[in-house]
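Structure file entry_16.cif; described as mmCIF, C-alpha atoms.
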```cif
data_coords
loop_
_atom_site.label_atom_id
_atom_site.label_comp_id
_atom_site.auth_asym_id
_atom_site.auth_seq_id
_atom_site.Cartn_x
_atom_site.Cartn_y
_atom_site.Cartn_z
CA MET Q 55 -25.47 24.61 4.50
CA HIS Q 56 -24.88 21.11 5.89
CA ASN Q 57 -22.58 20.99 8.91
CA TRP Q 58 -19.34 19.85 7.29
CA VAL Q 59 -17.24 20.42 10.44
CA ASN Q 60 -16.68 17.51 12.79
CA GLU Q 61 -15.68 17.61 16.46
CA MET Q 62 -12.02 16.97 15.63
CA ASP Q 63 -11.96 20.03 13.36
CA LYS Q 64 -13.52 22.15 16.11
CA ASN Q 65 -11.00 20.91 18.67
CA ILE Q 66 -8.12 21.86 16.36
CA ILE Q 67 -9.62 25.33 15.81
CA ASP Q 68 -9.99 25.76 19.60
CA LYS Q 69 -6.29 24.99 20.00
CA ILE Q 70 -5.48 27.65 17.40
CA VAL Q 71 -7.48 30.51 18.96
CA TRP Q 72 -7.28 29.75 22.70
CA TRP Q 73 -4.49 32.30 23.34
CA ILE Q 74 -6.43 35.34 22.00
CA PRO Q 75 -7.19 37.37 25.14
CA ASN Q 76 -10.22 39.25 23.85
CA LYS Q 77 -13.19 36.91 24.12
CA LYS Q 78 -15.26 38.61 21.41
CA LEU Q 79 -12.34 38.63 18.96
CA ARG Q 80 -11.51 35.03 19.85
CA ASN Q 81 -15.08 33.90 19.16
CA ASN Q 82 -15.26 35.84 15.89
CA ILE Q 83 -12.02 34.30 14.64
CA ARG Q 84 -13.19 30.90 15.79
CA GLU Q 85 -16.46 31.22 13.85
CA TYR Q 86 -14.57 32.48 10.79
CA LEU Q 87 -12.19 29.49 10.87
CA ILE Q 88 -15.12 27.11 11.31
CA GLU Q 89 -16.82 28.63 8.27
CA LEU Q 90 -13.63 28.34 6.19
CA ASN Q 91 -13.22 24.73 7.27
CA GLU Q 92 -16.84 24.03 6.39
CA ILE Q 93 -16.33 25.43 2.91
CA LYS Q 94 -13.14 23.40 2.48
CA ASN Q 95 -14.86 20.16 3.55
CA TYR Q 96 -17.80 20.86 1.28
CA ILE Q 97 -15.45 21.36 -1.68
CA ILE Q 98 -13.71 18.06 -0.88
CA TYR Q 99 -17.07 16.28 -0.62
CA THR Q 100 -18.25 17.79 -3.92
CA ASN Q 101 -15.03 16.83 -5.70
CA ASN Q 102 -15.35 13.27 -4.40
CA LYS Q 103 -18.93 13.09 -5.68
CA ILE Q 104 -17.84 14.40 -9.08
CA ASP Q 105 -15.01 11.84 -9.22
CA ASN Q 106 -17.46 9.11 -8.29
CA TYR Q 107 -19.88 10.08 -11.06
CA TYR Q 108 -17.00 10.41 -13.52
CA ASN Q 109 -15.73 6.92 -12.71
CA LYS Q 110 -19.20 5.44 -13.17
CA ILE Q 111 -19.67 7.18 -16.50
CA LYS Q 112 -16.21 6.03 -17.54
CA LYS Q 113 -17.02 2.43 -16.62
CA LEU Q 114 -20.18 2.48 -18.74
CA THR Q 115 -18.32 3.93 -21.73
CA PRO Q 116 -16.69 1.38 -24.06
CA LYS Q 117 -12.91 1.61 -23.93
CA THR Q 118 -10.65 2.02 -26.93
CA HIS Q 119 -9.00 -1.36 -26.24
CA ILE Q 120 -8.50 -3.99 -23.52
CA ASP Q 121 -5.88 -2.99 -20.96
CA PHE Q 122 -5.17 -6.51 -19.73
CA ILE Q 123 -6.73 -9.93 -19.97
CA GLU Q 124 -6.33 -12.89 -17.61
CA ILE Q 125 -5.89 -16.47 -18.82
CA HIS Q 126 -5.67 -19.61 -16.66
CA LEU Q 127 -2.95 -22.01 -17.74
CA ALA Q 128 -4.06 -24.25 -14.86
CA GLU Q 129 -7.36 -24.17 -13.02
CA HIS Q 130 -6.13 -25.75 -9.78
CA CYS Q 131 -3.52 -24.46 -7.35
CA ASN Q 132 -0.80 -25.68 -4.99
CA LEU Q 133 -1.95 -23.21 -2.34
CA ASN Q 134 -5.22 -23.44 -0.52
CA CYS Q 135 -6.41 -19.84 -0.17
CA PHE Q 136 -9.48 -18.85 1.82
CA SER Q 137 -12.42 -17.61 -0.31
CA CYS Q 138 -10.44 -17.41 -3.57
CA THR Q 139 -12.23 -15.31 -6.21
CA HIS Q 140 -11.07 -17.77 -8.88
CA PHE Q 141 -12.25 -20.76 -6.80
CA SER Q 142 -8.89 -22.41 -7.52
CA GLN Q 143 -8.81 -24.19 -4.14
CA LEU Q 144 -12.01 -25.97 -5.21
CA ALA Q 145 -10.97 -26.82 -8.79
CA ASP Q 146 -9.98 -30.25 -10.08
CA GLU Q 147 -6.72 -30.65 -11.99
CA GLU Q 148 -7.32 -29.01 -15.35
CA TYR Q 149 -5.24 -27.19 -17.98
CA TYR Q 150 -5.94 -24.95 -20.96
CA ASP Q 151 -5.56 -27.29 -23.92
CA LEU Q 152 -2.55 -26.07 -25.89
CA THR Q 153 -4.18 -26.39 -29.32
CA SER Q 154 -7.35 -24.64 -28.16
CA PHE Q 155 -5.19 -21.98 -26.53
CA GLU Q 156 -3.36 -21.23 -29.78
CA ASN Q 157 -6.63 -21.09 -31.72
CA ASP Q 158 -8.09 -18.67 -29.18
CA ILE Q 159 -5.01 -16.42 -29.11
CA LYS Q 160 -4.85 -16.38 -32.90
CA ARG Q 161 -8.53 -15.45 -33.14
CA LEU Q 162 -8.13 -12.79 -30.45
CA SER Q 163 -5.24 -11.30 -32.42
CA GLN Q 164 -7.33 -11.20 -35.60
CA ILE Q 165 -10.22 -9.41 -33.88
CA THR Q 166 -8.12 -6.92 -31.88
CA ASP Q 167 -5.38 -6.38 -34.46
CA GLY Q 168 -2.96 -7.09 -31.61
CA LEU Q 169 -4.28 -4.18 -29.57
CA ILE Q 170 -4.23 -5.58 -26.04
CA ASN Q 171 -1.83 -3.95 -23.62
CA ARG Q 172 -1.06 -6.92 -21.40
CA PHE Q 173 -1.66 -10.61 -20.78
CA HIS Q 174 -1.75 -12.17 -17.31
CA LEU Q 175 -0.95 -15.88 -17.63
CA MET Q 176 -2.06 -17.26 -14.32
CA GLY Q 177 -4.39 -19.68 -12.54
CA GLY Q 178 -4.80 -21.38 -10.20
CA GLU Q 179 -1.06 -21.76 -10.27
CA PRO Q 180 0.22 -21.57 -13.88
CA LEU Q 181 3.49 -23.39 -13.12
CA LEU Q 182 1.53 -26.57 -12.37
CA ASN Q 183 1.21 -26.69 -16.15
CA LYS Q 184 4.44 -28.41 -17.15
CA ASN Q 185 4.17 -26.99 -20.67
CA CYS Q 186 3.97 -23.42 -19.37
CA LYS Q 187 6.90 -22.30 -21.52
CA ASP Q 188 5.09 -23.30 -24.73
CA TYR Q 189 2.20 -20.92 -24.01
CA PHE Q 190 4.70 -18.05 -23.89
CA TYR Q 191 5.78 -18.66 -27.49
CA ILE Q 192 2.17 -18.74 -28.66
CA VAL Q 193 1.15 -15.43 -27.06
CA ARG Q 194 4.28 -13.69 -28.34
CA LYS Q 195 3.76 -15.12 -31.83
CA TYR Q 196 0.39 -13.38 -32.18
CA PHE Q 197 0.95 -10.35 -29.94
CA LYS Q 198 4.34 -8.91 -30.82
CA TYR Q 199 4.11 -5.77 -28.71
CA SER Q 200 1.90 -6.69 -25.74
CA ALA Q 201 3.36 -7.13 -22.26
CA ILE Q 202 3.13 -10.72 -21.01
CA TRP Q 203 3.09 -11.35 -17.28
CA LEU Q 204 3.41 -14.71 -15.57
CA VAL Q 205 1.42 -14.28 -12.34
CA THR Q 206 2.52 -16.96 -9.87
CA ASN Q 207 2.81 -17.71 -6.17
CA GLY Q 208 6.47 -18.54 -6.80
CA ILE Q 209 6.55 -21.94 -5.11
CA LEU Q 210 7.68 -23.79 -8.26
CA LEU Q 211 9.97 -21.13 -9.76
CA ASN Q 212 13.14 -22.69 -8.33
CA LYS Q 213 12.20 -26.05 -9.82
CA GLN Q 214 11.96 -24.89 -13.44
CA GLU Q 215 14.38 -26.19 -16.06
CA ASP Q 216 16.59 -23.95 -18.19
CA ASP Q 217 14.20 -24.14 -21.15
CA PHE Q 218 11.53 -22.41 -19.07
CA PHE Q 219 13.76 -19.43 -18.35
CA ILE Q 220 15.03 -19.39 -21.95
CA SER Q 221 11.40 -19.17 -23.11
CA CYS Q 222 10.82 -16.30 -20.67
CA GLN Q 223 13.89 -14.53 -22.02
CA LYS Q 224 13.10 -15.05 -25.71
CA ASN Q 225 9.45 -14.03 -25.36
CA ASN Q 226 10.07 -11.07 -23.07
CA ILE Q 227 8.04 -12.53 -20.21
CA GLU Q 228 7.82 -10.64 -16.93
CA ILE Q 229 7.46 -12.74 -13.78
CA HIS Q 230 5.07 -11.15 -11.30
CA PRO Q 231 4.84 -13.23 -8.12
CA THR Q 232 2.39 -12.58 -5.30
CA LYS Q 233 4.13 -12.75 -1.94
CA TYR Q 234 2.43 -15.11 0.49
CA PRO Q 235 3.48 -15.72 4.12
CA ILE Q 236 5.21 -18.97 3.16
CA ASN Q 237 8.86 -19.98 3.02
CA ILE Q 238 10.29 -19.29 -0.45
CA ASP Q 239 13.95 -18.63 -1.33
CA TRP Q 240 13.36 -15.35 -3.17
CA ASP Q 241 17.09 -14.51 -3.24
CA SER Q 242 17.78 -17.65 -5.29
CA ILE Q 243 14.90 -16.83 -7.65
CA LYS Q 244 16.17 -13.28 -8.10
CA LYS Q 245 19.61 -14.62 -9.07
CA ILE Q 246 18.13 -16.94 -11.70
CA CYS Q 247 16.02 -14.15 -13.18
CA LYS Q 248 19.02 -11.84 -13.23
CA LYS Q 249 21.06 -14.51 -15.00
CA TYR Q 250 18.48 -14.73 -17.80
CA ASN Q 251 17.65 -11.01 -17.74
CA ILE Q 252 14.02 -11.68 -16.81
CA PRO Q 253 12.12 -8.92 -14.97
CA LEU Q 254 10.96 -10.10 -11.53
CA ILE Q 255 8.41 -7.63 -10.15
CA PHE Q 256 6.15 -8.53 -7.25
CA PHE Q 257 2.49 -8.31 -8.20
CA ASN Q 258 1.49 -6.55 -5.01
CA ASN Q 259 4.60 -5.36 -3.18
CA GLU Q 260 7.69 -7.24 -2.07
CA GLU Q 261 7.29 -5.81 1.43
CA VAL Q 262 3.59 -6.65 1.65
CA GLU Q 263 2.38 -10.21 2.16
CA LYS Q 264 -0.92 -11.39 0.76
CA GLU Q 265 -3.97 -11.07 3.00
CA SER Q 266 -7.24 -12.94 2.62
CA ARG Q 267 -10.59 -11.40 1.83
CA LYS Q 268 -14.05 -12.87 2.30
CA ASN Q 269 -15.92 -12.64 -0.99
CA ILE Q 270 -19.62 -12.87 -0.21
CA LEU Q 271 -22.05 -14.37 -2.73
CA SER Q 272 -25.84 -14.32 -2.85
CA LEU Q 273 -26.89 -17.85 -3.76
CA GLU Q 274 -30.41 -16.62 -4.55
CA GLY Q 275 -29.11 -14.00 -7.01
CA LYS Q 276 -31.17 -11.15 -5.56
CA MET Q 277 -28.64 -8.34 -5.86
CA ASP Q 278 -28.93 -5.39 -8.27
CA PRO Q 279 -26.65 -6.23 -11.24
CA PHE Q 280 -26.40 -2.60 -12.40
CA GLU Q 281 -25.38 -1.20 -8.99
CA ASN Q 282 -22.98 -4.06 -8.41
CA PHE Q 283 -21.29 -3.53 -11.75
CA LEU Q 284 -20.92 0.22 -11.20
CA ASN Q 285 -19.34 -0.20 -7.77
CA CYS Q 286 -17.32 -3.39 -8.26
CA TYR Q 287 -13.60 -2.99 -8.88
CA LEU Q 288 -13.45 -6.43 -10.55
CA GLY Q 289 -16.13 -5.89 -13.18
CA SER Q 290 -14.43 -5.25 -16.54
CA ASN Q 291 -11.16 -4.71 -14.65
CA CYS Q 292 -10.29 -8.41 -14.42
CA ILE Q 293 -11.32 -9.53 -17.90
CA ALA Q 294 -10.85 -13.26 -18.45
CA LEU Q 295 -10.45 -15.44 -21.55
CA ASN Q 296 -11.68 -18.99 -21.02
CA CYS Q 297 -12.04 -21.48 -23.86
CA GLY Q 298 -12.99 -18.98 -26.55
CA LYS Q 299 -15.19 -16.88 -24.29
CA ILE Q 300 -14.46 -13.49 -22.73
CA PHE Q 301 -15.88 -12.76 -19.27
CA THR Q 302 -15.95 -9.45 -17.43
CA CYS Q 303 -14.42 -10.96 -14.27
CA GLY Q 304 -12.89 -14.11 -12.81
CA LEU Q 305 -15.91 -14.86 -10.62
CA SER Q 306 -18.20 -15.44 -13.59
CA SER Q 307 -15.46 -17.18 -15.57
CA ASN Q 308 -14.71 -19.73 -12.85
CA ILE Q 309 -18.01 -20.20 -10.98
CA ASN Q 310 -18.27 -23.72 -12.44
CA HIS Q 311 -15.73 -24.91 -9.81
CA PHE Q 312 -17.94 -23.51 -7.04
CA ASN Q 313 -21.09 -25.04 -8.48
CA LYS Q 314 -19.47 -28.45 -8.86
CA LYS Q 315 -18.02 -28.48 -5.35
CA PHE Q 316 -21.15 -27.34 -3.51
CA ASN Q 317 -23.84 -28.64 -5.90
CA THR Q 318 -25.18 -25.12 -6.43
CA ASN Q 319 -26.60 -23.50 -9.53
CA LEU Q 320 -25.26 -19.96 -9.92
CA LYS Q 321 -26.15 -19.77 -13.59
CA ILE Q 322 -23.93 -18.65 -16.43
CA THR Q 323 -26.08 -17.66 -19.39
CA GLN Q 324 -25.18 -16.72 -22.96
CA TYR Q 325 -25.36 -13.08 -21.84
CA ASP Q 326 -22.59 -13.48 -19.24
CA TYR Q 327 -19.81 -13.78 -21.81
CA ILE Q 328 -19.02 -12.98 -25.41
CA ASP Q 329 -17.80 -15.66 -27.81
CA ILE Q 330 -14.73 -14.54 -29.75
CA TYR Q 331 -15.70 -16.81 -32.65
CA SER Q 332 -19.15 -15.21 -32.98
CA VAL Q 333 -18.26 -11.51 -32.90
CA ASN Q 334 -17.61 -9.49 -36.02
CA ASN Q 335 -15.19 -6.94 -34.62
CA TYR Q 336 -13.39 -5.53 -31.58
CA LYS Q 337 -16.13 -2.96 -30.99
CA GLU Q 338 -18.64 -5.67 -30.07
CA ILE Q 339 -16.31 -6.98 -27.36
CA LEU Q 340 -15.61 -3.52 -25.95
CA GLU Q 341 -19.31 -2.68 -25.84
CA PHE Q 342 -20.05 -5.95 -24.04
CA LEU Q 343 -17.39 -5.22 -21.43
CA SER Q 344 -18.92 -1.83 -20.61
CA LYS Q 345 -22.22 -3.33 -19.42
CA PRO Q 346 -23.33 -5.35 -16.37
CA ILE Q 347 -23.97 -9.03 -16.87
CA PRO Q 348 -26.74 -11.18 -15.35
CA PHE Q 349 -24.19 -12.92 -13.11
CA CYS Q 350 -23.61 -9.63 -11.25
CA ARG Q 351 -26.79 -10.40 -9.31
CA TYR Q 352 -24.94 -13.11 -7.35
CA CYS Q 353 -22.31 -10.83 -5.81
CA GLN Q 354 -22.86 -9.20 -2.42
CA PHE Q 355 -20.03 -6.84 -3.18
CA ASP Q 356 -20.90 -4.37 -0.41
CA LYS Q 357 -20.22 -7.08 2.20
CA TRP Q 358 -16.81 -8.19 0.96
CA LYS Q 359 -14.26 -7.72 3.73
CA GLY Q 360 -10.58 -8.16 4.47
CA MET Q 361 -9.60 -10.79 7.02
CA GLY Q 362 -6.44 -9.02 8.22
CA LYS Q 363 -4.16 -11.96 7.42
CA TRP Q 364 -3.76 -14.77 4.93
CA LEU Q 365 -5.94 -17.76 5.76
CA THR Q 366 -6.13 -21.27 4.38
CA SER Q 367 -9.39 -22.64 3.06
CA LYS Q 368 -11.51 -25.33 4.70
CA LYS Q 369 -13.24 -25.72 1.35
CA ILE Q 370 -16.65 -25.05 2.83
CA ILE Q 371 -19.40 -22.90 1.34
CA ASP Q 372 -19.48 -20.68 4.44
CA GLU Q 373 -16.34 -18.95 3.14
CA TYR Q 374 -18.56 -17.31 0.53
CA LEU Q 375 -21.67 -16.63 2.62
CA ASP Q 376 -22.62 -13.71 4.84
CA ASP Q 377 -21.98 -14.34 8.54
#
```
structure tokens encoding of this file:
Amino acid sequence: MHNWVNEMDKNIIDKIVWWIPNKKLRNNIREYLIELNEIKNYIIYTNNKIDNYYNKIKKLTPKTHIDFIEIHLAEHCNLNCFSCTHFSQLADEEYYDLTSFENDIKRLSQITDGLINRFHLMGGEPLLNKNCKDYFYIVRKYFKYSAIWLVTNGILLNKQEDDFFISCQKNNIEIHPTKYPINIDWDSIKKICKKYNIPLIFFNNEEVEKESRKNILSLEGKMDPFENFLNCYLGSNCIALNCGKIFTCGLSSNINHFNKKFNTNLKITQYDYIDIYSVNNYKEILEFLSKPIPFCRYCQFDKWKGMGKWLTSKKIIDEYLDD
């Protein structure tokens, strides 16, 4: 059997048996405890392997419905985050056209029969869209029972007019801010939300401030799409709707901002998304979402790393390249 006992385990066992006066008995008990610990560690390792295989099989199996879907109400942002996965710090000012948005939501409702658990209305920063409140009415009109989250950095919440909060109240919108290390009067925002009976629930954790992560890309597209998809926590877990097309993650959905800024050509093909106006039923969408896409070859997912703190972007390509 593989040696599943490390030096720390052996040191702990030594501290347990040191007092036994008979050397032979002490050594026998020590060997017995080492063997038990080896069996325990092997069981843990085996269970982890089984869980890993189960999660991969689960990811490749079409789901019964979409858990949540992300939609940008604004492409750009009023923060300047380092290595943003949505490339919002690189995006020009752009909004989801309201008429196109309603057409897309209506079509999505027809295909899914309203069976989507949750909508994340976000960006970029969604509150840069001055008509934000109108999008709430549209989603609720076609999805009576889905949860609707406004995902925001919170900077503009205190500047919203009453009709914004009334729309949140009427359409049962939950506000889910991400907490950044910036000065925001959260107490005032909490009072407003309480006044209108609007849930205010921090997207990460109220006690935890946002940290930056370096998201490494392979400009040559030489990575293994299948392995990347299996191991990536974004793939089919951050599903995005963008102008009538559904993408498996925000990277593929928003790479156009990166390409425009740095004059690169990380290609989006017809196989990287599914058009909601071309599909016949929900099953086709769910089957698409359970498979890797060609764009997965551009992600160096195994090299993504946390930066330990929140950083601002210099808007240079190095933020997405391996050191």
Each side padded by 5 Å, which centre and which edge lengths in Å (one decimal) define the axis-aligned box around the listed atoms of stretch 291-304 of chain Q? Give them as lines of an AutoDock Vina configuration file.
```
center_x = -13.1
center_y = -13.1
center_z = -19.7
size_x = 15.7
size_y = 26.8
size_z = 23.7
```
So that each row is one residue of stretch 160-208 of chain Q with an atom at most 6 Å from stretch 121-144 of chain Q, can you give its shortest atom pair and the distance in Å to one decimal, using only C-alpha atoms, rows by chain and rising number, as JSON lines?
```
{"residue": "Q:Ile170", "atom": "CA", "partner": "Q:Asp121", "partner_atom": "CA", "distance": 5.9}
{"residue": "Q:Asn171", "atom": "CA", "partner": "Q:Asp121", "partner_atom": "CA", "distance": 4.9}
{"residue": "Q:Arg172", "atom": "CA", "partner": "Q:Phe122", "partner_atom": "CA", "distance": 4.5}
{"residue": "Q:Phe173", "atom": "CA", "partner": "Q:Ile123", "partner_atom": "CA", "distance": 5.2}
{"residue": "Q:His174", "atom": "CA", "partner": "Q:Glu124", "partner_atom": "CA", "distance": 4.6}
{"residue": "Q:Leu175", "atom": "CA", "partner": "Q:Ile125", "partner_atom": "CA", "distance": 5.1}
{"residue": "Q:Met176", "atom": "CA", "partner": "Q:His126", "partner_atom": "CA", "distance": 4.9}
{"residue": "Q:Gly177", "atom": "CA", "partner": "Q:His126", "partner_atom": "CA", "distance": 4.3}
{"residue": "Q:Gly178", "atom": "CA", "partner": "Q:Cys131", "partner_atom": "CA", "distance": 4.4}
{"residue": "Q:Glu179", "atom": "CA", "partner": "Q:Cys131", "partner_atom": "CA", "distance": 4.7}
{"residue": "Q:Pro180", "atom": "CA", "partner": "Q:Leu127", "partner_atom": "CA", "distance": 5.0}
{"residue": "Q:Asn183", "atom": "CA", "partner": "Q:Ala128", "partner_atom": "CA", "distance": 5.9}
```
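Once the PyMOL selection byres ((chain Q and resi 331) around 9) is applied to the shown structure, the selection contains Q:Asp158, Q:Arg161, Q:Leu162, Q:Gly298, Q:Lys299, Q:Ile328, Q:Asp329, Q:Ile330, Q:Ser332, Q:Val333, Q:Asn334.
Reported to one decimal place, the separation of atom CA of Q:Glu338 from atom CA of Q:Ser306 is 19.2 Å.
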Two-atom distance - atom CA of Q:Asn313, atom CA of Q:Phe355 (Å):
19.0 Å
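Distance cut-off 7 Å, centre (10.2, -11.4, -15.1), atoms counted all atoms listed in the file; the residues meeting this are Ile227, Glu228, Ile229, His230, Cys247, Ile252, Pro253, Leu254 and Ile255 of chain Q.
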Suppose we keep C-alpha atoms; can you now write the selection as an mmCIF file, in the frame of the given file?
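And here's result-v8.cif as it stands now:
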```
data_model
loop_
_atom_site.group_PDB
_atom_site.id
_atom_site.type_symbol
_atom_site.label_atom_id
_atom_site.label_comp_id
_atom_site.auth_asym_id
_atom_site.auth_seq_id
_atom_site.Cartn_x
_atom_site.Cartn_y
_atom_site.Cartn_z
ATOM 1 C CA ILE Q 227 8.040 -12.530 -20.210
ATOM 2 C CA GLU Q 228 7.820 -10.640 -16.930
ATOM 3 C CA ILE Q 229 7.460 -12.740 -13.780
ATOM 4 C CA HIS Q 230 5.070 -11.150 -11.300
ATOM 5 C CA CYS Q 247 16.020 -14.150 -13.180
ATOM 6 C CA ILE Q 252 14.020 -11.680 -16.810
ATOM 7 C CA PRO Q 253 12.120 -8.920 -14.970
ATOM 8 C CA LEU Q 254 10.960 -10.100 -11.530
ATOM 9 C CA ILE Q 255 8.410 -7.630 -10.150
#
```
Result set, the PyMOL selection byres ((chain Q and resi 301-305) around 8) on current file, as a list of chain:residue names:
Q:Thr139, Q:His140, Q:Phe141, Q:Leu288, Q:Gly289, Q:Ser290, Q:Asn291, Q:Cys292, Q:Ile293, Q:Ala294, Q:Leu295, Q:Asn296, Q:Lys299, Q:Ile300, Q:Ser306, Q:Ser307, Q:Asn308, Q:Ile309, Q:Asp326, Q:Tyr327, Q:Ile328, Q:Leu343
How about saving the chosen residues, C-alpha atoms kept, as a PDB file, keeping the file's coordinate frame?
```pdb
ATOM      1  CA  THR Q 139     -12.230 -15.310  -6.210  1.00  0.00           C
ATOM      2  CA  HIS Q 140     -11.070 -17.770  -8.880  1.00  0.00           C
ATOM      3  CA  PHE Q 141     -12.250 -20.760  -6.800  1.00  0.00           C
ATOM      4  CA  LEU Q 288     -13.450  -6.430 -10.550  1.00  0.00           C
ATOM      5  CA  GLY Q 289     -16.130  -5.890 -13.180  1.00  0.00           C
ATOM      6  CA  SER Q 290     -14.430  -5.250 -16.540  1.00  0.00           C
ATOM      7  CA  ASN Q 291     -11.160  -4.710 -14.650  1.00  0.00           C
ATOM      8  CA  CYS Q 292     -10.290  -8.410 -14.420  1.00  0.00           C
ATOM      9  CA  ILE Q 293     -11.320  -9.530 -17.900  1.00  0.00           C
ATOM     10  CA  ALA Q 294     -10.850 -13.260 -18.450  1.00  0.00           C
ATOM     11  CA  LEU Q 295     -10.450 -15.440 -21.550  1.00  0.00           C
ATOM     12  CA  ASN Q 296     -11.680 -18.990 -21.020  1.00  0.00           C
ATOM     13  CA  LYS Q 299     -15.190 -16.880 -24.290  1.00  0.00           C
ATOM     14  CA  ILE Q 300     -14.460 -13.490 -22.730  1.00  0.00           C
ATOM     15  CA  SER Q 306     -18.200 -15.440 -13.590  1.00  0.00           C
ATOM     16  CA  SER Q 307     -15.460 -17.180 -15.570  1.00  0.00           C
ATOM     17  CA  ASN Q 308     -14.710 -19.730 -12.850  1.00  0.00           C
ATOM     18  CA  ILE Q 309     -18.010 -20.200 -10.980  1.00  0.00           C
ATOM     19  CA  ASP Q 326     -22.590 -13.480 -19.240  1.00  0.00           C
ATOM     20  CA  TYR Q 327     -19.810 -13.780 -21.810  1.00  0.00           C
ATOM     21  CA  ILE Q 328     -19.020 -12.980 -25.410  1.00  0.00           C
ATOM     22  CA  LEU Q 343     -17.390  -5.220 -21.430  1.00  0.00           C
TER      23      LEU Q 343
END
```
Residues near stretch 272-284 of chain Q, anyone? I mean within 9 Å using all atoms listed in the file, not counting same-chain ones fewer than 5 positions away, as a VMD selection string.
chain Q and resid 109 to 111 113 to 114 289 to 290 318 to 320 345 to 356 374 to 376
